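Worksheet for the structure shown next.
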Amino acid sequence: MATSQVVKTLRDGTIRIAGGGGSTLDISLDTGDFSFSEPKSSRVVIRDRSSIAGLRKGDDEVGECSFTVHFREFTDAASSNVYDFIYHRASASAYTSVGSDAFEEFLVDIVYTANASALSGGIHTVTLNKVLLTASFSEGLPDSISVTGEVYGTYAYTNT
């Protein structure tokens with residue numbers, strides 16, 4: 001398969017938050033600023049009398065992600081929203097974490113999809129596993145919620 005020549009734009013992107021047991025929230029009314037980083041392990045420089053003689057992998061580093069949504073509500077007892085999903089309360093209180101017993105915090109997976117299939121550009125997806133999300137509110141025109149995440153799991157990529 002040849003490299004896609006279709007440049008993706010924010011119109012192609014979608015974000016889904018997925019908890020354990022099939023609970024999901026498709027993000028709507030976001031600003032199109034999703035970003036993430038996939039860090040490499042820290043580095044241990046091996047030296048021979050001050051000269052670099054080698055390089056080894058050190059500790060795993062924590063990845064990051066972020067996106068912004070337009071504010072609509074802080075909580076809803078009947079239907080899931082961003083704040084409830086992130087803070088595991090109200091309509092999302094029964095959702096389960098994607099982390100194992102070794103992870104005390106409520107973790108989710110983030111699935112970002114860039115779908116340019118209408119232009120023969122394919123569907124490109126990255127899943128960030130075991131993400132701890134936090135949110136901050138900001139008043140403006142319009143009001144917004146900035147969501148940030150720390151990635152404690154793996155990154156899975158697909159291209160169809």
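Order determines the names: the first chain of the structure tokens is A, the second B, and so forth; residues in each chain are numbered 1 upward, and ligands are numbered 1 upward as they are shown.
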Distance table requested - region 29-77 of chain A against region 139-155 of chain A, cut-off 10 Å, only C-alpha atoms: one row per qualifying residue with the closest atom pair and its distance in Å to one decimal, ordered by chain and rising residue number, as CSV.
```
residue,atom,partner,partner_atom,distance
A:Asp30,CA,A:Ser144,CA,9.0
A:Thr31,CA,A:Ser144,CA,9.2
A:Phe34,CA,A:Val147,CA,9.5
A:Ser35,CA,A:Thr148,CA,9.6
A:Phe36,CA,A:Gly149,CA,8.8
A:Ser37,CA,A:Val151,CA,9.0
A:Glu38,CA,A:Tyr155,CA,7.5
A:Pro39,CA,A:Val151,CA,9.8
A:Asp60,CA,A:Tyr152,CA,9.2
A:Glu61,CA,A:Tyr152,CA,8.5
A:Val62,CA,A:Val151,CA,5.7
A:Gly63,CA,A:Val151,CA,4.7
A:Glu64,CA,A:Glu150,CA,4.8
A:Cys65,CA,A:Gly149,CA,4.9
A:Ser66,CA,A:Thr148,CA,4.3
A:Phe67,CA,A:Val147,CA,5.4
A:Thr68,CA,A:Ser146,CA,4.5
A:Val69,CA,A:Ile145,CA,5.3
A:His70,CA,A:Ser144,CA,4.4
A:Phe71,CA,A:Ser144,CA,4.6
A:Arg72,CA,A:Asp143,CA,8.2
A:Glu73,CA,A:Ile145,CA,10.0
A:Phe74,CA,A:Ile145,CA,9.7
```
Worksheet entry | Backbone-only DSSP, strand (DSSP E) members of region 54-159 of chain A, as a PyMOL selection string | chain A and resi 54-57+63-70+108-115+123-138+144-151+155-159
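Atom pair CA of Thr113 (chain A) / CA of Asn159 (chain A): separated by 9.7 Å.
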Item to complete: Would you list the contacts of His124 (chain A) as a list in words, taking every protein, DNA or RNA residue within 12 Å and counting only C-alpha atoms, but skipping same-chain residues closer than 3 positions in sequence?
Response: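 These residues fall inside the cut-off: Ser4, Val6, Val7, Lys8, Asp12, Gly13, Thr14, Val111, Tyr112, Thr113, Ala114, Asn115, Ala116, Ser117, Ser120, Gly121, Thr127, Ala156, Tyr157, Thr158, Asn159 and Thr160 of chain A.
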Discussion item. With distances taken over only C-alpha atoms, which residue among A:Ala18, A:Ala135, A:Ala92, A:Val98 lies nearest Asp76 (chain A)?
Written reply: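 For Asp76 (chain A), the nearest of the given residues is A:Ala92.
For His88 (chain A), the non-local neighbours within 12 Å, defined as residues at least 5 positions apart in the same chain or in other chains and counting only C-alpha atoms, are Gly19, Gly20, Ser23, Thr75, Asp76, Ala77, Ser80, Asn81, Val82, Tyr83, Ser93, Ala94, Tyr95, Thr96, Ser97, Glu105, Phe106, Leu107, Val108, Leu132, Leu133 and Thr134 of chain A.
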Just C-alpha atoms for this one: save the residues we selected as a PDB file, in the first residue's frame.
```
ATOM      1  CA  GLY A  19     -14.128   2.724  30.162  1.00  0.00           C
ATOM      2  CA  GLY A  20     -14.187  -0.920  31.101  1.00  0.00           C
ATOM      3  CA  SER A  23     -18.894   2.143  28.580  1.00  0.00           C
ATOM      4  CA  THR A  75     -23.034  16.809  35.783  1.00  0.00           C
ATOM      5  CA  ASP A  76     -26.065  14.834  34.658  1.00  0.00           C
ATOM      6  CA  ALA A  77     -27.690  12.041  36.633  1.00  0.00           C
ATOM      7  CA  SER A  80     -23.022  10.584  30.553  1.00  0.00           C
ATOM      8  CA  ASN A  81     -20.989  13.740  30.013  1.00  0.00           C
ATOM      9  CA  VAL A  82     -17.302  14.644  30.053  1.00  0.00           C
ATOM     10  CA  TYR A  83     -17.023  15.717  33.704  1.00  0.00           C
ATOM     11  CA  SER A  93     -20.394   6.215  38.682  1.00  0.00           C
ATOM     12  CA  ALA A  94     -21.052   2.571  37.784  1.00  0.00           C
ATOM     13  CA  TYR A  95     -18.474   2.520  34.974  1.00  0.00           C
ATOM     14  CA  THR A  96     -15.409   0.357  35.506  1.00  0.00           C
ATOM     15  CA  SER A  97     -11.791   1.293  35.043  1.00  0.00           C
ATOM     16  CA  GLU A 105      -7.220   5.596  39.900  1.00  0.00           C
ATOM     17  CA  PHE A 106     -10.143   5.405  37.414  1.00  0.00           C
ATOM     18  CA  LEU A 107      -8.476   4.915  34.026  1.00  0.00           C
ATOM     19  CA  VAL A 108      -9.959   5.027  30.531  1.00  0.00           C
ATOM     20  CA  LEU A 132      -5.879   9.185  33.781  1.00  0.00           C
ATOM     21  CA  LEU A 133      -7.947  12.220  32.746  1.00  0.00           C
ATOM     22  CA  THR A 134      -8.426  15.546  34.512  1.00  0.00           C
TER      23      THR A 134
END
```
Worksheet item: From the set A:Asp84, A:Asp59, A:Asp101, A:Asp109, which residue has the shortest atom-to-atom contact distance to Ser41 (chain A), counting only C-alpha atoms?
Response: A:Asp59
Worksheet item: Hey, what does DSSP flag as alpha helix (DSSP H) within region 11-141 of chain A? Can you give it to me as number ranges by chain?
Response: A: 82-87
Discussion item. Under the rule that only C-alpha atoms are counted, which of A:Tyr87, A:Ile110, A:Ala2, A:Gly122 is the nearest residue to Thr24 (chain A)?
Written reply: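 Closest residue, counting only C-alpha atoms: A:Ile110.
Of the residues listed (A:Leu25, A:Lys57, A:Thr3, A:Arg16), A:Leu25 shows the shortest atom-to-atom separation from Ser91 (chain A); distances use only C-alpha atoms.
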Fill in: Counting only C-alpha atoms, the option among A:Ser28, A:Arg56, A:Ala102, A:Ile123 closest to Lys40 (chain A)
A:Arg56
Worksheet entry | Distance of CA of Gln5 (chain A) from CA of Ile27 (chain A), expressed in Å to one decimal place | 27.3 Å
Fill in: Atom-to-atom span, CA of Ala118 (chain A) and CA of Ile17 (chain A), Å
24.3 Å
